[in-house]
Number of protein chains: 2
Amino acid sequence: MNETRDRILDVALDVLGQNPDAGMGDIASAAGVVRRTVYGHFPSRLDLVRTLTERAVTEMTAVLTEVNASGAEADATWAEFIARLWPVAHRYRVLLALRRGEYGEAIHGLLGPVDELLADLVKRGQDSDVFAQHLPAGILSQVAYGAVFAIADSDLSNGTLGARAATITSLLMLGVPETRAIALAGDQP
Amino acid sequence: MNETRDRILDVALDVLGQNPDAGMGDIASAAGVVRRTVYGHFPSRLDLVRTLTERAVTEMTAVLTEVNASGAEADATWAEFIARLWPVAHRYRVLLALRRGEYGEAIHGLLGPVDELLADLVKRGQDSDVFAQHLPAGILSQVAYGAVFAIADSDLSNGTLGARAATITSLLMLGVPETRAIALAGDQP
DNA sequence: GATTCGTTGCACACTGGTGTGCAAAAATGA
DNA sequence: TCATTTTTGCACACCAGTGTGCAACGAATC
């Protein structure tokens, strides 16, 4: 049954989200299954993490390309992107922690496309003078993105309050003036 | 000899900075000493990390209180703080990674005073309307601080370029207008 | 020269996690 | 009911890291 496999994946995301160092045993029991069964679906821990990451990349690039196609200004695009990405980012926040450590390289490789799309968006904003240029696009996008995840990890991660805070904060650090940032965050429900 | 002990501490900071999961053995060999010797000075890994953290807290609070006493506006204080803290923060950046995981609680406890001082400074800035208020001071300070460390972890961590980028970015996300942020970052060498 | 102190080099026990093999049991469904 | 697939429950080997015990060693000190 793929049902079991899917449940393991869902639960793993949850368990690892709370403790990135959780073992296969922890994930198994949380999924109401025996450790051996998990190994039946995922030959190694890395396989599990990789599958999770691939899922995340799929969902994120979908949102990102869709939003990118709207043709709006870069800052508006970013605001919409964060608002729509928020639930996804929050769900997959564990990947940020997992990027350091054992599987860092594998995850980093898979997340590459997302990083590129983000950097492109920031570059576009810089070229049209709506984003600050004190940092290269590649790094600025990562730092802004990191801040979003950091907020997702904090206490306000529940509800839309966190999404709003993340949108405003990331827009600010991208160099968008406060009034504009608040306006952009405001028209997202 | 305290000489050995000090060298172990220095090297440990370095080794752990590159890989937070490095073991006592790695630290020992990097210090040109045998694993058993490290245990002679630090009964457990936690003791080592704790000592490192205490060092960091001492250095950071020194800078923070000194800068705080200048009586300048909150944004100027923050700028000076980041500029002066930069080498220290970069050196102790491993503590950010170590906060999640095994020793998280211990480190968090020791770092408490620093967090408080930071939150107070941000609160002061919010009360005098130079910092944005879209997030509570406690969280805003952590996110801004986290961004500083994230930049310290990135490629530009060398030289004063990173310090400048960190100052500007953190000021931006605190709600300081871009022109003001650049001006504040500019008069720090 | 004897003593002291830090260091070394083992050996050891322990822990906690990973991944495998295999037979029995349970669910699925034809 | 029979056959297939999945799950289970052990047992096992393995690894990497932690922390300890102890005797031997070397250099400085008295």
# chains A, B, ... in the order shown; residues from 1 in each chain; ligands from 1

$ calpha_fit_and_write --fixed "chain B" --moving "chain A" --output "PDB file with C-alpha atoms, in the first residue's frame"
ATOM      1  CA  MET A   1      49.235  24.086  32.125  1.00  0.00           C
ATOM      2  CA  ASN A   2      46.382  26.359  31.272  1.00  0.00           C
ATOM      3  CA  GLU A   3      48.137  26.795  27.975  1.00  0.00           C
ATOM      4  CA  THR A   4      46.895  23.450  26.750  1.00  0.00           C
ATOM      5  CA  ARG A   5      43.428  24.083  28.048  1.00  0.00           C
ATOM      6  CA  ASP A   6      43.258  27.418  26.281  1.00  0.00           C
ATOM      7  CA  ARG A   7      44.542  25.963  23.056  1.00  0.00           C
ATOM      8  CA  ILE A   8      41.911  23.264  23.198  1.00  0.00           C
ATOM      9  CA  LEU A   9      39.231  25.882  23.659  1.00  0.00           C
ATOM     10  CA  ASP A  10      40.510  28.000  20.792  1.00  0.00           C
ATOM     11  CA  VAL A  11      40.843  25.046  18.471  1.00  0.00           C
ATOM     12  CA  ALA A  12      37.479  23.646  19.500  1.00  0.00           C
ATOM     13  CA  LEU A  13      35.813  26.889  18.516  1.00  0.00           C
ATOM     14  CA  ASP A  14      37.512  26.654  15.180  1.00  0.00           C
ATOM     15  CA  VAL A  15      36.761  23.013  14.524  1.00  0.00           C
ATOM     16  CA  LEU A  16      33.181  23.215  15.702  1.00  0.00           C
ATOM     17  CA  GLY A  17      32.751  26.364  13.645  1.00  0.00           C
ATOM     18  CA  GLN A  18      33.500  24.331  10.557  1.00  0.00           C
ATOM     19  CA  ASN A  19      31.535  21.278  11.659  1.00  0.00           C
ATOM     20  CA  PRO A  20      29.246  21.519  14.678  1.00  0.00           C
ATOM     21  CA  ASP A  21      29.095  17.724  14.803  1.00  0.00           C
ATOM     22  CA  ALA A  22      32.827  17.275  15.229  1.00  0.00           C
ATOM     23  CA  GLY A  23      33.698  14.874  18.033  1.00  0.00           C
ATOM     24  CA  MET A  24      36.112  15.142  20.911  1.00  0.00           C
ATOM     25  CA  GLY A  25      38.601  13.163  18.855  1.00  0.00           C
ATOM     26  CA  ASP A  26      38.526  15.674  16.017  1.00  0.00           C
ATOM     27  CA  ILE A  27      39.046  18.527  18.431  1.00  0.00           C
ATOM     28  CA  ALA A  28      41.882  16.707  20.163  1.00  0.00           C
ATOM     29  CA  SER A  29      43.839  15.976  17.008  1.00  0.00           C
ATOM     30  CA  ALA A  30      43.309  19.502  15.739  1.00  0.00           C
ATOM     31  CA  ALA A  31      44.767  20.746  19.010  1.00  0.00           C
ATOM     32  CA  GLY A  32      47.743  18.416  18.605  1.00  0.00           C
ATOM     33  CA  VAL A  33      46.770  16.459  21.647  1.00  0.00           C
ATOM     34  CA  VAL A  34      45.277  13.088  22.495  1.00  0.00           C
ATOM     35  CA  ARG A  35      41.585  12.600  23.102  1.00  0.00           C
ATOM     36  CA  ARG A  36      42.241  11.532  26.651  1.00  0.00           C
ATOM     37  CA  THR A  37      43.874  14.869  27.396  1.00  0.00           C
ATOM     38  CA  VAL A  38      40.795  16.777  26.361  1.00  0.00           C
ATOM     39  CA  TYR A  39      38.763  14.742  28.820  1.00  0.00           C
ATOM     40  CA  GLY A  40      41.365  15.668  31.409  1.00  0.00           C
ATOM     41  CA  HIS A  41      40.391  19.317  31.087  1.00  0.00           C
ATOM     42  CA  PHE A  42      36.721  18.927  30.241  1.00  0.00           C
ATOM     43  CA  PRO A  43      34.984  15.957  31.862  1.00  0.00           C
ATOM     44  CA  SER A  44      32.363  15.882  29.136  1.00  0.00           C
ATOM     45  CA  ARG A  45      31.568  17.364  25.799  1.00  0.00           C
ATOM     46  CA  LEU A  46      28.917  19.481  27.425  1.00  0.00           C
ATOM     47  CA  ASP A  47      31.521  21.019  29.732  1.00  0.00           C
ATOM     48  CA  LEU A  48      33.538  22.079  26.741  1.00  0.00           C
ATOM     49  CA  VAL A  49      30.567  23.617  24.986  1.00  0.00           C
ATOM     50  CA  ARG A  50      29.442  25.303  28.163  1.00  0.00           C
ATOM     51  CA  THR A  51      32.844  26.863  28.730  1.00  0.00           C
ATOM     52  CA  LEU A  52      32.861  28.088  25.159  1.00  0.00           C
ATOM     53  CA  THR A  53      29.426  29.572  25.609  1.00  0.00           C
ATOM     54  CA  GLU A  54      30.381  31.315  28.827  1.00  0.00           C
ATOM     55  CA  ARG A  55      33.315  32.858  27.055  1.00  0.00           C
ATOM     56  CA  ALA A  56      31.024  34.095  24.305  1.00  0.00           C
ATOM     57  CA  VAL A  57      28.536  35.548  26.750  1.00  0.00           C
ATOM     58  CA  THR A  58      31.277  37.393  28.585  1.00  0.00           C
ATOM     59  CA  GLU A  59      32.681  38.945  25.440  1.00  0.00           C
ATOM     60  CA  MET A  60      29.313  39.808  23.988  1.00  0.00           C
ATOM     61  CA  THR A  61      27.786  41.371  27.058  1.00  0.00           C
ATOM     62  CA  ALA A  62      30.948  43.422  27.487  1.00  0.00           C
ATOM     63  CA  VAL A  63      30.570  44.899  24.024  1.00  0.00           C
ATOM     64  CA  LEU A  64      26.830  45.255  24.351  1.00  0.00           C
ATOM     65  CA  THR A  65      26.767  47.076  27.675  1.00  0.00           C
ATOM     66  CA  GLU A  66      29.625  49.325  26.656  1.00  0.00           C
ATOM     67  CA  VAL A  67      27.939  50.329  23.426  1.00  0.00           C
ATOM     68  CA  ASN A  68      24.616  50.701  25.168  1.00  0.00           C
ATOM     69  CA  ALA A  69      26.111  53.210  27.561  1.00  0.00           C
ATOM     70  CA  SER A  70      26.982  55.626  24.775  1.00  0.00           C
ATOM     71  CA  GLY A  71      23.494  57.107  24.966  1.00  0.00           C
ATOM     72  CA  ALA A  72      23.164  57.373  21.195  1.00  0.00           C
ATOM     73  CA  GLU A  73      19.961  56.708  19.308  1.00  0.00           C
ATOM     74  CA  ALA A  74      18.916  53.063  19.132  1.00  0.00           C
ATOM     75  CA  ASP A  75      19.655  52.644  15.431  1.00  0.00           C
ATOM     76  CA  ALA A  76      23.114  54.159  15.790  1.00  0.00           C
ATOM     77  CA  THR A  77      23.717  51.982  18.822  1.00  0.00           C
ATOM     78  CA  TRP A  78      22.673  48.903  16.897  1.00  0.00           C
ATOM     79  CA  ALA A  79      24.965  49.793  14.001  1.00  0.00           C
ATOM     80  CA  GLU A  80      27.924  50.275  16.291  1.00  0.00           C
ATOM     81  CA  PHE A  81      27.035  47.146  18.143  1.00  0.00           C
ATOM     82  CA  ILE A  82      27.019  44.981  15.023  1.00  0.00           C
ATOM     83  CA  ALA A  83      30.236  46.512  13.773  1.00  0.00           C
ATOM     84  CA  ARG A  84      32.037  45.828  17.043  1.00  0.00           C
ATOM     85  CA  LEU A  85      30.383  42.510  17.638  1.00  0.00           C
ATOM     86  CA  TRP A  86      31.076  41.205  14.179  1.00  0.00           C
ATOM     87  CA  PRO A  87      34.428  39.502  14.816  1.00  0.00           C
ATOM     88  CA  VAL A  88      33.112  37.991  18.025  1.00  0.00           C
ATOM     89  CA  ALA A  89      29.878  36.787  16.462  1.00  0.00           C
ATOM     90  CA  HIS A  90      31.758  35.315  13.566  1.00  0.00           C
ATOM     91  CA  ARG A  91      34.094  33.497  15.884  1.00  0.00           C
ATOM     92  CA  TYR A  92      31.306  32.062  17.957  1.00  0.00           C
ATOM     93  CA  ARG A  93      28.905  31.440  15.097  1.00  0.00           C
ATOM     94  CA  VAL A  94      28.879  27.756  15.947  1.00  0.00           C
ATOM     95  CA  LEU A  95      26.707  28.511  18.960  1.00  0.00           C
ATOM     96  CA  LEU A  96      23.829  29.315  16.654  1.00  0.00           C
ATOM     97  CA  ALA A  97      24.009  25.812  15.204  1.00  0.00           C
ATOM     98  CA  LEU A  98      24.563  24.263  18.618  1.00  0.00           C
ATOM     99  CA  ARG A  99      21.441  25.922  19.972  1.00  0.00           C
ATOM    100  CA  ARG A 100      19.381  23.344  18.166  1.00  0.00           C
ATOM    101  CA  GLY A 101      20.137  19.876  19.326  1.00  0.00           C
ATOM    102  CA  GLU A 102      21.553  18.177  22.342  1.00  0.00           C
ATOM    103  CA  TYR A 103      22.955  21.154  24.198  1.00  0.00           C
ATOM    104  CA  GLY A 104      20.303  23.597  23.056  1.00  0.00           C
ATOM    105  CA  GLU A 105      18.804  24.079  26.461  1.00  0.00           C
ATOM    106  CA  ALA A 106      22.096  24.651  28.260  1.00  0.00           C
ATOM    107  CA  ILE A 107      23.289  27.133  25.652  1.00  0.00           C
ATOM    108  CA  HIS A 108      19.979  28.887  25.513  1.00  0.00           C
ATOM    109  CA  GLY A 109      20.081  29.380  29.248  1.00  0.00           C
ATOM    110  CA  LEU A 110      23.556  30.862  29.210  1.00  0.00           C
ATOM    111  CA  LEU A 111      22.779  33.076  26.256  1.00  0.00           C
ATOM    112  CA  GLY A 112      19.720  34.450  28.018  1.00  0.00           C
ATOM    113  CA  PRO A 113      21.362  37.652  29.276  1.00  0.00           C
ATOM    114  CA  VAL A 114      22.562  38.518  25.790  1.00  0.00           C
ATOM    115  CA  ASP A 115      19.098  37.955  24.375  1.00  0.00           C
ATOM    116  CA  GLU A 116      17.653  40.240  27.001  1.00  0.00           C
ATOM    117  CA  LEU A 117      20.069  43.046  26.317  1.00  0.00           C
ATOM    118  CA  LEU A 118      19.324  42.767  22.623  1.00  0.00           C
ATOM    119  CA  ALA A 119      15.587  42.777  23.183  1.00  0.00           C
ATOM    120  CA  ASP A 120      15.901  45.818  25.428  1.00  0.00           C
ATOM    121  CA  LEU A 121      17.813  47.683  22.785  1.00  0.00           C
ATOM    122  CA  VAL A 122      15.236  46.866  20.131  1.00  0.00           C
ATOM    123  CA  LYS A 123      12.434  47.820  22.508  1.00  0.00           C
ATOM    124  CA  ARG A 124      14.093  51.170  23.065  1.00  0.00           C
ATOM    125  CA  GLY A 125      14.265  51.679  19.319  1.00  0.00           C
ATOM    126  CA  GLN A 126      10.620  50.795  18.914  1.00  0.00           C
ATOM    127  CA  ASP A 127       9.564  53.142  21.693  1.00  0.00           C
ATOM    128  CA  SER A 128      11.422  56.027  20.106  1.00  0.00           C
ATOM    129  CA  ASP A 129       9.949  55.145  16.706  1.00  0.00           C
ATOM    130  CA  VAL A 130      13.186  54.408  14.900  1.00  0.00           C
ATOM    131  CA  PHE A 131      12.475  50.680  14.666  1.00  0.00           C
ATOM    132  CA  ALA A 132       9.466  48.985  13.104  1.00  0.00           C
ATOM    133  CA  GLN A 133       6.805  47.487  15.309  1.00  0.00           C
ATOM    134  CA  HIS A 134       5.370  44.712  13.171  1.00  0.00           C
ATOM    135  CA  LEU A 135       6.976  42.169  15.501  1.00  0.00           C
ATOM    136  CA  PRO A 136       7.429  42.140  19.288  1.00  0.00           C
ATOM    137  CA  ALA A 137      10.875  43.278  20.403  1.00  0.00           C
ATOM    138  CA  GLY A 138      11.886  39.850  21.666  1.00  0.00           C
ATOM    139  CA  ILE A 139      11.304  38.174  18.334  1.00  0.00           C
ATOM    140  CA  LEU A 140      12.415  41.030  16.132  1.00  0.00           C
ATOM    141  CA  SER A 141      15.749  41.177  17.917  1.00  0.00           C
ATOM    142  CA  GLN A 142      16.235  37.433  17.506  1.00  0.00           C
ATOM    143  CA  VAL A 143      15.386  37.480  13.830  1.00  0.00           C
ATOM    144  CA  ALA A 144      17.677  40.438  13.163  1.00  0.00           C
ATOM    145  CA  TYR A 145      20.407  38.815  15.191  1.00  0.00           C
ATOM    146  CA  GLY A 146      19.868  35.549  13.350  1.00  0.00           C
ATOM    147  CA  ALA A 147      20.304  37.316  10.042  1.00  0.00           C
ATOM    148  CA  VAL A 148      23.644  38.674  11.230  1.00  0.00           C
ATOM    149  CA  PHE A 149      24.807  35.176  12.047  1.00  0.00           C
ATOM    150  CA  ALA A 150      23.451  33.837   8.782  1.00  0.00           C
ATOM    151  CA  ILE A 151      25.586  36.350   6.925  1.00  0.00           C
ATOM    152  CA  ALA A 152      28.530  35.456   9.135  1.00  0.00           C
ATOM    153  CA  ASP A 153      28.047  31.890   7.983  1.00  0.00           C
ATOM    154  CA  SER A 154      27.914  32.801   4.313  1.00  0.00           C
ATOM    155  CA  ASP A 155      30.768  33.354   1.925  1.00  0.00           C
ATOM    156  CA  LEU A 156      31.362  37.023   2.708  1.00  0.00           C
ATOM    157  CA  SER A 157      32.265  36.290   6.272  1.00  0.00           C
ATOM    158  CA  ASN A 158      35.826  37.529   5.717  1.00  0.00           C
ATOM    159  CA  GLY A 159      36.924  41.130   5.934  1.00  0.00           C
ATOM    160  CA  THR A 160      34.788  44.110   6.826  1.00  0.00           C
ATOM    161  CA  LEU A 161      32.572  43.550   3.806  1.00  0.00           C
ATOM    162  CA  GLY A 162      30.533  41.039   5.773  1.00  0.00           C
ATOM    163  CA  ALA A 163      30.244  43.369   8.730  1.00  0.00           C
ATOM    164  CA  ARG A 164      28.901  46.124   6.536  1.00  0.00           C
ATOM    165  CA  ALA A 165      26.411  43.822   4.838  1.00  0.00           C
ATOM    166  CA  ALA A 166      25.255  42.488   8.175  1.00  0.00           C
ATOM    167  CA  THR A 167      24.825  45.973   9.603  1.00  0.00           C
ATOM    168  CA  ILE A 168      22.793  47.209   6.666  1.00  0.00           C
ATOM    169  CA  THR A 169      20.646  44.087   6.427  1.00  0.00           C
ATOM    170  CA  SER A 170      19.827  43.976  10.116  1.00  0.00           C
ATOM    171  CA  LEU A 171      19.037  47.701  10.186  1.00  0.00           C
ATOM    172  CA  LEU A 172      16.738  47.275   7.217  1.00  0.00           C
ATOM    173  CA  MET A 173      14.768  44.512   8.839  1.00  0.00           C
ATOM    174  CA  LEU A 174      14.509  46.587  11.981  1.00  0.00           C
ATOM    175  CA  GLY A 175      12.639  49.099   9.865  1.00  0.00           C
ATOM    176  CA  VAL A 176      15.377  51.685   9.414  1.00  0.00           C
ATOM    177  CA  PRO A 177      15.089  53.405   5.996  1.00  0.00           C
ATOM    178  CA  GLU A 178      17.695  52.360   3.453  1.00  0.00           C
ATOM    179  CA  THR A 179      19.429  55.731   3.199  1.00  0.00           C
ATOM    180  CA  ARG A 180      19.764  56.000   6.956  1.00  0.00           C
ATOM    181  CA  ALA A 181      20.958  52.394   7.202  1.00  0.00           C
ATOM    182  CA  ILE A 182      23.674  52.982   4.639  1.00  0.00           C
ATOM    183  CA  ALA A 183      24.724  56.181   6.356  1.00  0.00           C
ATOM    184  CA  LEU A 184      24.980  54.433   9.717  1.00  0.00           C
ATOM    185  CA  ALA A 185      26.959  51.570   8.229  1.00  0.00           C
ATOM    186  CA  GLY A 186      29.187  53.975   6.398  1.00  0.00           C
ATOM    187  CA  ASP A 187      30.742  55.756   9.347  1.00  0.00           C
ATOM    188  CA  GLN A 188      31.983  52.541  10.853  1.00  0.00           C
ATOM    189  CA  PRO A 189      35.418  51.778   9.443  1.00  0.00           C
TER     190      PRO A 189
END

$ interface_residues --of "chain D" --to "chain B" --cutoff "10 Å" --atoms "only C-alpha atoms (C1' of nucleotides)" --output "PyMOL selection string"
chain D and resi 16-20

$ residues_around --residues "region 24-29 of chain D" --least-positions-apart "5" --cutoff "12 Å" --atoms "only C-alpha atoms (C1' of nucleotides)" --output "list in words"
Met1 of chain B; DA2, DT3, DT4, DC5, DG6, DT7, DT8, DG9 and DC10 of chain C

$ select_by_dssp --residues "chain A" --states "alpha helix (DSSP H)" --output "number ranges by chain"
A: 2-18, 24-30, 35-41, 45-68, 74-91, 94-99, 104-127, 137-153, 159-173, 178-186
